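Okay, coords03.txt now, which holds compact mmCIF, N, CA and C atoms:
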# COMPACT_ATOMS: atom_id res chain seq x y z
N MET U 1 36.61 -6.59 16.38
CA MET U 1 35.57 -6.95 17.31
C MET U 1 34.27 -7.19 16.54
N PRO U 2 33.70 -8.36 16.65
CA PRO U 2 32.46 -8.64 15.92
C PRO U 2 31.30 -7.81 16.46
N SER U 3 30.36 -7.52 15.57
CA SER U 3 29.20 -6.73 15.95
C SER U 3 28.27 -7.55 16.84
N SER U 4 27.69 -6.86 17.81
CA SER U 4 26.73 -7.54 18.68
C SER U 4 25.30 -7.35 18.16
N VAL U 5 25.18 -6.73 17.00
CA VAL U 5 23.86 -6.50 16.40
C VAL U 5 23.43 -7.77 15.67
N ARG U 6 22.30 -8.30 16.06
CA ARG U 6 21.76 -9.49 15.42
C ARG U 6 20.80 -9.05 14.29
N PRO U 7 21.15 -9.39 13.05
CA PRO U 7 20.32 -8.96 11.92
C PRO U 7 18.87 -9.41 12.02
N GLU U 8 18.65 -10.61 12.56
CA GLU U 8 17.27 -11.11 12.65
C GLU U 8 16.44 -10.28 13.63
N VAL U 9 17.08 -9.72 14.64
CA VAL U 9 16.37 -8.87 15.59
C VAL U 9 16.09 -7.51 14.96
N VAL U 10 17.08 -6.98 14.26
CA VAL U 10 16.88 -5.70 13.55
C VAL U 10 15.73 -5.83 12.57
N LEU U 11 15.73 -6.90 11.80
CA LEU U 11 14.66 -7.12 10.84
C LEU U 11 13.31 -7.22 11.54
N LEU U 12 13.27 -7.92 12.63
CA LEU U 12 12.01 -8.07 13.38
C LEU U 12 11.50 -6.72 13.87
N ILE U 13 12.38 -5.89 14.37
CA ILE U 13 11.97 -4.56 14.83
C ILE U 13 11.39 -3.75 13.68
N THR U 14 11.99 -3.89 12.48
CA THR U 14 11.49 -3.12 11.33
C THR U 14 10.12 -3.58 10.89
N LYS U 15 9.70 -4.76 11.32
CA LYS U 15 8.40 -5.30 10.93
C LYS U 15 7.28 -4.90 11.88
N VAL U 16 7.62 -4.29 13.01
CA VAL U 16 6.62 -3.95 14.03
C VAL U 16 5.71 -2.82 13.54
N ASP U 17 4.41 -3.02 13.72
CA ASP U 17 3.42 -1.97 13.44
C ASP U 17 3.22 -1.19 14.74
N PHE U 18 3.92 -0.07 14.86
CA PHE U 18 3.86 0.71 16.09
C PHE U 18 2.53 1.45 16.24
N ASN U 19 1.74 1.50 15.18
CA ASN U 19 0.45 2.20 15.21
C ASN U 19 -0.74 1.25 15.35
N HIS U 20 -0.50 -0.02 15.51
CA HIS U 20 -1.60 -0.98 15.65
C HIS U 20 -2.39 -0.64 16.92
N PRO U 21 -3.74 -0.69 16.85
CA PRO U 21 -4.55 -0.33 18.02
C PRO U 21 -4.27 -1.17 19.27
N ASP U 22 -3.80 -2.39 19.08
CA ASP U 22 -3.53 -3.28 20.21
C ASP U 22 -2.04 -3.38 20.52
N ALA U 23 -1.25 -2.43 20.01
CA ALA U 23 0.21 -2.51 20.13
C ALA U 23 0.70 -2.47 21.58
N ARG U 24 -0.08 -1.93 22.48
CA ARG U 24 0.36 -1.87 23.88
C ARG U 24 0.33 -3.23 24.56
N THR U 25 -0.51 -4.13 24.07
CA THR U 25 -0.63 -5.44 24.71
C THR U 25 0.22 -6.51 24.05
N ARG U 26 0.46 -6.37 22.73
CA ARG U 26 1.32 -7.33 22.04
C ARG U 26 1.75 -6.73 20.72
N PRO U 27 2.91 -7.16 20.22
CA PRO U 27 3.38 -6.60 18.94
C PRO U 27 2.69 -7.24 17.74
N TYR U 28 2.51 -6.44 16.72
CA TYR U 28 1.90 -6.89 15.47
C TYR U 28 2.80 -6.53 14.31
N HIS U 29 2.76 -7.38 13.28
CA HIS U 29 3.45 -7.08 12.02
C HIS U 29 2.70 -5.96 11.31
N ARG U 30 3.37 -5.30 10.39
CA ARG U 30 2.73 -4.23 9.61
C ARG U 30 1.55 -4.74 8.80
N ASP U 31 1.53 -6.03 8.49
CA ASP U 31 0.42 -6.59 7.71
C ASP U 31 -0.75 -7.01 8.61
N GLY U 32 -0.66 -6.73 9.92
CA GLY U 32 -1.76 -7.01 10.83
C GLY U 32 -1.66 -8.31 11.61
N ARG U 33 -0.72 -9.18 11.23
CA ARG U 33 -0.56 -10.45 11.95
C ARG U 33 0.11 -10.20 13.30
N PRO U 34 -0.38 -10.86 14.36
CA PRO U 34 0.33 -10.75 15.63
C PRO U 34 1.66 -11.50 15.55
N PHE U 35 2.62 -11.05 16.31
CA PHE U 35 3.89 -11.76 16.37
C PHE U 35 3.66 -13.12 17.03
N THR U 36 4.40 -14.11 16.58
CA THR U 36 4.34 -15.42 17.23
C THR U 36 5.01 -15.31 18.60
N ARG U 37 4.83 -16.32 19.41
CA ARG U 37 5.49 -16.33 20.72
C ARG U 37 7.01 -16.26 20.56
N ALA U 38 7.53 -17.01 19.59
CA ALA U 38 8.98 -17.02 19.37
C ALA U 38 9.47 -15.63 18.92
N GLU U 39 8.72 -15.01 18.02
CA GLU U 39 9.09 -13.66 17.56
C GLU U 39 9.02 -12.67 18.72
N HIS U 40 7.97 -12.77 19.51
CA HIS U 40 7.80 -11.87 20.65
C HIS U 40 8.94 -12.06 21.65
N ALA U 41 9.31 -13.30 21.91
CA ALA U 41 10.41 -13.59 22.84
C ALA U 41 11.73 -13.02 22.31
N LEU U 42 11.97 -13.17 21.01
CA LEU U 42 13.20 -12.62 20.42
C LEU U 42 13.17 -11.10 20.46
N LEU U 43 12.03 -10.51 20.13
CA LEU U 43 11.89 -9.06 20.14
C LEU U 43 12.17 -8.49 21.52
N ALA U 44 11.77 -9.20 22.56
CA ALA U 44 11.96 -8.74 23.93
C ALA U 44 13.43 -8.68 24.33
N THR U 45 14.32 -9.26 23.53
CA THR U 45 15.75 -9.28 23.87
C THR U 45 16.57 -8.23 23.13
N PHE U 46 15.90 -7.30 22.40
CA PHE U 46 16.67 -6.36 21.58
C PHE U 46 17.55 -5.47 22.45
N THR U 47 18.69 -5.10 21.86
CA THR U 47 19.62 -4.19 22.53
C THR U 47 19.42 -2.78 21.96
N GLN U 48 20.01 -1.81 22.62
CA GLN U 48 19.92 -0.43 22.13
C GLN U 48 20.57 -0.31 20.74
N GLU U 49 21.67 -1.02 20.53
CA GLU U 49 22.33 -1.01 19.22
C GLU U 49 21.38 -1.54 18.13
N GLU U 50 20.67 -2.61 18.45
CA GLU U 50 19.74 -3.20 17.48
C GLU U 50 18.56 -2.26 17.22
N LYS U 51 18.07 -1.62 18.26
CA LYS U 51 16.98 -0.65 18.08
C LYS U 51 17.45 0.51 17.21
N THR U 52 18.64 1.01 17.45
CA THR U 52 19.19 2.12 16.66
C THR U 52 19.34 1.71 15.20
N ALA U 53 19.86 0.50 14.97
CA ALA U 53 20.02 0.01 13.60
C ALA U 53 18.66 -0.14 12.92
N ALA U 54 17.67 -0.64 13.64
CA ALA U 54 16.33 -0.82 13.06
C ALA U 54 15.69 0.52 12.74
N MET U 55 15.83 1.49 13.62
CA MET U 55 15.25 2.81 13.37
C MET U 55 15.92 3.48 12.17
N ALA U 56 17.21 3.28 12.02
CA ALA U 56 17.92 3.81 10.85
C ALA U 56 17.40 3.15 9.58
N GLN U 57 17.17 1.84 9.64
CA GLN U 57 16.65 1.12 8.48
C GLN U 57 15.24 1.58 8.14
N ILE U 58 14.41 1.77 9.15
CA ILE U 58 13.04 2.25 8.93
C ILE U 58 13.07 3.62 8.27
N GLN U 59 13.98 4.48 8.71
CA GLN U 59 14.10 5.82 8.11
C GLN U 59 14.54 5.72 6.65
N LEU U 60 15.49 4.85 6.37
CA LEU U 60 15.95 4.66 4.98
C LEU U 60 14.81 4.16 4.09
N GLU U 61 14.02 3.21 4.61
CA GLU U 61 12.90 2.68 3.84
C GLU U 61 11.85 3.76 3.58
N ALA U 62 11.61 4.62 4.56
CA ALA U 62 10.64 5.70 4.40
C ALA U 62 11.13 6.70 3.35
N GLU U 63 12.41 7.02 3.39
CA GLU U 63 12.99 7.93 2.39
C GLU U 63 12.89 7.32 1.00
N TRP U 64 13.21 6.04 0.89
CA TRP U 64 13.13 5.35 -0.40
C TRP U 64 11.69 5.37 -0.91
N GLN U 65 10.72 5.13 -0.03
CA GLN U 65 9.32 5.13 -0.44
C GLN U 65 8.88 6.51 -0.91
N ARG U 66 9.33 7.56 -0.21
CA ARG U 66 9.00 8.93 -0.65
C ARG U 66 9.57 9.21 -2.03
N GLU U 67 10.82 8.81 -2.25
CA GLU U 67 11.44 9.01 -3.56
C GLU U 67 10.71 8.23 -4.64
N LEU U 68 10.33 7.00 -4.34
CA LEU U 68 9.60 6.19 -5.30
C LEU U 68 8.24 6.81 -5.61
N ASP U 69 7.55 7.30 -4.59
CA ASP U 69 6.26 7.95 -4.79
C ASP U 69 6.40 9.19 -5.68
N GLU U 70 7.46 9.96 -5.46
CA GLU U 70 7.71 11.14 -6.29
C GLU U 70 7.96 10.74 -7.74
N MET U 71 8.72 9.66 -7.94
CA MET U 71 8.98 9.19 -9.30
C MET U 71 7.70 8.69 -9.97
N LYS U 72 6.84 8.03 -9.21
CA LYS U 72 5.56 7.59 -9.76
C LYS U 72 4.72 8.79 -10.17
N ASP U 73 4.71 9.82 -9.32
CA ASP U 73 3.97 11.05 -9.65
C ASP U 73 4.54 11.69 -10.91
N ASP U 74 5.87 11.73 -11.02
CA ASP U 74 6.52 12.30 -12.21
C ASP U 74 6.16 11.49 -13.46
N PHE U 75 6.11 10.18 -13.32
CA PHE U 75 5.77 9.29 -14.43
C PHE U 75 4.35 9.56 -14.92
N VAL U 76 3.43 9.66 -13.98
CA VAL U 76 2.03 9.94 -14.35
C VAL U 76 1.91 11.32 -14.98
N ALA U 77 2.58 12.31 -14.41
CA ALA U 77 2.52 13.68 -14.96
C ALA U 77 3.07 13.71 -16.38
N LEU U 78 4.14 12.98 -16.62
CA LEU U 78 4.72 12.93 -17.96
C LEU U 78 3.72 12.34 -18.95
N LEU U 79 3.10 11.24 -18.59
CA LEU U 79 2.11 10.62 -19.48
C LEU U 79 0.90 11.53 -19.67
N MET U 80 0.43 12.15 -18.60
CA MET U 80 -0.76 13.00 -18.70
C MET U 80 -0.52 14.21 -19.60
N LYS U 81 0.71 14.68 -19.65
CA LYS U 81 1.08 15.79 -20.54
C LYS U 81 0.75 15.42 -21.98
N TYR U 82 0.95 14.17 -22.34
CA TYR U 82 0.69 13.71 -23.71
C TYR U 82 -0.75 13.23 -23.89
N PHE U 83 -1.31 12.62 -22.85
CA PHE U 83 -2.71 12.20 -22.96
C PHE U 83 -3.63 13.40 -23.17
N ALA U 84 -3.24 14.55 -22.64
CA ALA U 84 -4.04 15.77 -22.82
C ALA U 84 -4.12 16.16 -24.30
N LYS U 85 -3.17 15.73 -25.10
CA LYS U 85 -3.12 16.05 -26.53
C LYS U 85 -3.79 14.98 -27.39
N LEU U 86 -4.20 13.90 -26.77
CA LEU U 86 -4.73 12.75 -27.51
C LEU U 86 -6.23 12.59 -27.27
N PRO U 87 -6.90 11.91 -28.20
CA PRO U 87 -8.35 11.68 -28.01
C PRO U 87 -8.60 10.69 -26.86
N GLU U 88 -9.80 10.78 -26.30
CA GLU U 88 -10.19 9.86 -25.23
C GLU U 88 -10.06 8.42 -25.73
N GLY U 89 -9.66 7.54 -24.84
CA GLY U 89 -9.49 6.13 -25.20
C GLY U 89 -8.09 5.80 -25.67
N SER U 90 -7.22 6.80 -25.72
CA SER U 90 -5.84 6.55 -26.13
C SER U 90 -5.13 5.73 -25.05
N VAL U 91 -4.08 5.03 -25.46
CA VAL U 91 -3.31 4.19 -24.55
C VAL U 91 -1.88 4.69 -24.46
N VAL U 92 -1.13 4.12 -23.54
CA VAL U 92 0.24 4.59 -23.30
C VAL U 92 1.07 4.60 -24.57
N SER U 93 0.94 3.58 -25.40
CA SER U 93 1.75 3.55 -26.63
C SER U 93 1.43 4.73 -27.55
N ASP U 94 0.19 5.24 -27.51
CA ASP U 94 -0.16 6.43 -28.28
C ASP U 94 0.58 7.65 -27.74
N ALA U 95 0.66 7.77 -26.42
CA ALA U 95 1.37 8.88 -25.80
C ALA U 95 2.86 8.79 -26.10
N VAL U 96 3.41 7.59 -25.98
CA VAL U 96 4.83 7.40 -26.24
C VAL U 96 5.18 7.78 -27.69
N ALA U 97 4.28 7.47 -28.61
CA ALA U 97 4.53 7.74 -30.04
C ALA U 97 4.71 9.22 -30.34
N ILE U 98 4.15 10.10 -29.53
CA ILE U 98 4.27 11.54 -29.82
C ILE U 98 5.21 12.26 -28.86
N MET U 99 5.91 11.54 -28.02
CA MET U 99 6.84 12.16 -27.06
C MET U 99 8.06 12.72 -27.76
N THR U 100 8.60 13.79 -27.17
CA THR U 100 9.88 14.30 -27.64
C THR U 100 10.95 13.28 -27.25
N ASP U 101 12.11 13.36 -27.86
CA ASP U 101 13.21 12.45 -27.52
C ASP U 101 13.57 12.57 -26.03
N GLU U 102 13.59 13.80 -25.54
CA GLU U 102 13.95 14.03 -24.13
C GLU U 102 12.91 13.41 -23.20
N ASP U 103 11.63 13.61 -23.50
CA ASP U 103 10.59 13.02 -22.66
C ASP U 103 10.57 11.50 -22.78
N TYR U 104 10.87 10.99 -23.96
CA TYR U 104 10.90 9.53 -24.12
C TYR U 104 12.03 8.92 -23.28
N ALA U 105 13.18 9.59 -23.24
CA ALA U 105 14.28 9.10 -22.42
C ALA U 105 13.87 9.10 -20.94
N GLU U 106 13.17 10.16 -20.50
CA GLU U 106 12.69 10.22 -19.12
C GLU U 106 11.64 9.14 -18.87
N PHE U 107 10.77 8.92 -19.84
CA PHE U 107 9.75 7.88 -19.74
C PHE U 107 10.40 6.52 -19.53
N GLU U 108 11.40 6.20 -20.34
CA GLU U 108 12.08 4.90 -20.20
C GLU U 108 12.75 4.76 -18.84
N HIS U 109 13.40 5.84 -18.40
CA HIS U 109 14.08 5.82 -17.10
C HIS U 109 13.07 5.58 -15.97
N LEU U 110 11.99 6.36 -15.98
CA LEU U 110 10.99 6.24 -14.92
C LEU U 110 10.23 4.91 -14.99
N ALA U 111 9.96 4.44 -16.19
CA ALA U 111 9.21 3.18 -16.34
C ALA U 111 9.95 2.02 -15.69
N GLU U 112 11.26 1.98 -15.85
CA GLU U 112 12.05 0.91 -15.24
C GLU U 112 11.93 0.94 -13.72
N ILE U 113 11.92 2.13 -13.16
CA ILE U 113 11.91 2.27 -11.71
C ILE U 113 10.52 2.02 -11.14
N VAL U 114 9.51 2.66 -11.70
CA VAL U 114 8.17 2.56 -11.09
C VAL U 114 7.51 1.22 -11.34
N THR U 115 7.91 0.51 -12.37
CA THR U 115 7.33 -0.82 -12.59
C THR U 115 8.13 -1.92 -11.90
N ALA U 116 9.36 -1.64 -11.50
CA ALA U 116 10.20 -2.66 -10.85
C ALA U 116 9.57 -3.13 -9.56
N GLU U 117 9.06 -2.20 -8.75
CA GLU U 117 8.46 -2.58 -7.47
C GLU U 117 7.26 -3.50 -7.70
N ASP U 118 6.41 -3.15 -8.64
CA ASP U 118 5.24 -3.98 -8.92
C ASP U 118 5.65 -5.35 -9.42
N THR U 119 6.66 -5.39 -10.27
CA THR U 119 7.14 -6.65 -10.82
C THR U 119 7.71 -7.54 -9.71
N LEU U 120 8.53 -6.95 -8.85
CA LEU U 120 9.12 -7.72 -7.75
C LEU U 120 8.04 -8.20 -6.78
N GLU U 121 7.05 -7.33 -6.50
CA GLU U 121 5.97 -7.73 -5.61
C GLU U 121 5.18 -8.88 -6.23
N TYR U 122 4.90 -8.79 -7.52
CA TYR U 122 4.15 -9.84 -8.20
C TYR U 122 4.93 -11.16 -8.13
N ARG U 123 6.23 -11.09 -8.43
CA ARG U 123 7.03 -12.31 -8.40
C ARG U 123 7.09 -12.90 -7.01
N ALA U 124 7.20 -12.04 -5.99
CA ALA U 124 7.27 -12.54 -4.61
C ALA U 124 5.97 -13.23 -4.23
N LEU U 125 4.86 -12.70 -4.69
CA LEU U 125 3.56 -13.26 -4.31
C LEU U 125 3.17 -14.48 -5.13
N HIS U 126 3.65 -14.57 -6.37
CA HIS U 126 3.15 -15.61 -7.27
C HIS U 126 4.17 -16.63 -7.74
N GLU U 127 5.44 -16.39 -7.51
CA GLU U 127 6.46 -17.32 -7.95
C GLU U 127 6.37 -18.60 -7.12
N GLY U 128 6.44 -19.70 -7.75
CA GLY U 128 6.38 -20.98 -7.06
C GLY U 128 4.96 -21.42 -6.73
N SER U 129 3.99 -20.63 -7.18
CA SER U 129 2.58 -21.00 -6.91
C SER U 129 2.11 -22.06 -7.86
For this file, produce the structure as structure tokens.
Amino acid sequence: MPSSVRPEVVLLITKVDFNHPDARTRPYHRDGRPFTRAEHALLATFTQEEKTAAMAQIQLEAEWQRELDEMKDDFVALLMKYFAKLPEGSVVSDAVAIMTDEDYAEFEHLAEIVTAEDTLEYRALHEGS
């Protein structure tokens, strides 16, 4: 039996800013843009299954963001541990140069993760410009 969940509706629900001050009168995207008439019309047709799927997706995204924030904090803490040993004006490569092998492995692991989001965001915003 094919699913009656429409991915485009689920995605649209995940884009709703439920905290927007004008949310009672019309839906807004998380970036502040009001939904178009077509988006609003589609949103008005959501099913309970689609709402459930969207809420699950929103929860997964929130968990992922918390994990990413924790990794960013760990990354900064790791660097600060070494910057505390270095003179003012030192740069990341100076900190990396004095890291233990274990901390360097953690640095490499965290650097890939915490910079990936920025890299993807940059590419999304600037690619094809």
Pick from U:Gln48, U:Arg37, U:Leu43, U:Leu110, whichever lies nearest to Glu70 (chain U) using only C-alpha atoms: U:Leu110
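For Arg33 (chain U), the set of protein, DNA and RNA residues having any atom at most 10 Å away, when counting only C-alpha atoms and skipping those fewer than 5 positions along the same chain, is Val16, Asp17, Pro27 and Tyr28 of chain U.
Between CA of Phe107 (chain U) and CA of Asp69 (chain U) the separation is 15.4 Å.
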task: Output as an MDAnalysis selection string all residues of region 48-120 of chain U that backbone DSSP marks as helix (DSSP H, G or I).
output: chainID U and resid 48:83 92:97 101:120
query: Smallest atom-to-atom distance to Arg30 (chain U): which of U:Phe18, U:Ser3, U:Asp103, U:Leu86, using all atoms listed in the file?
result: U:Phe18
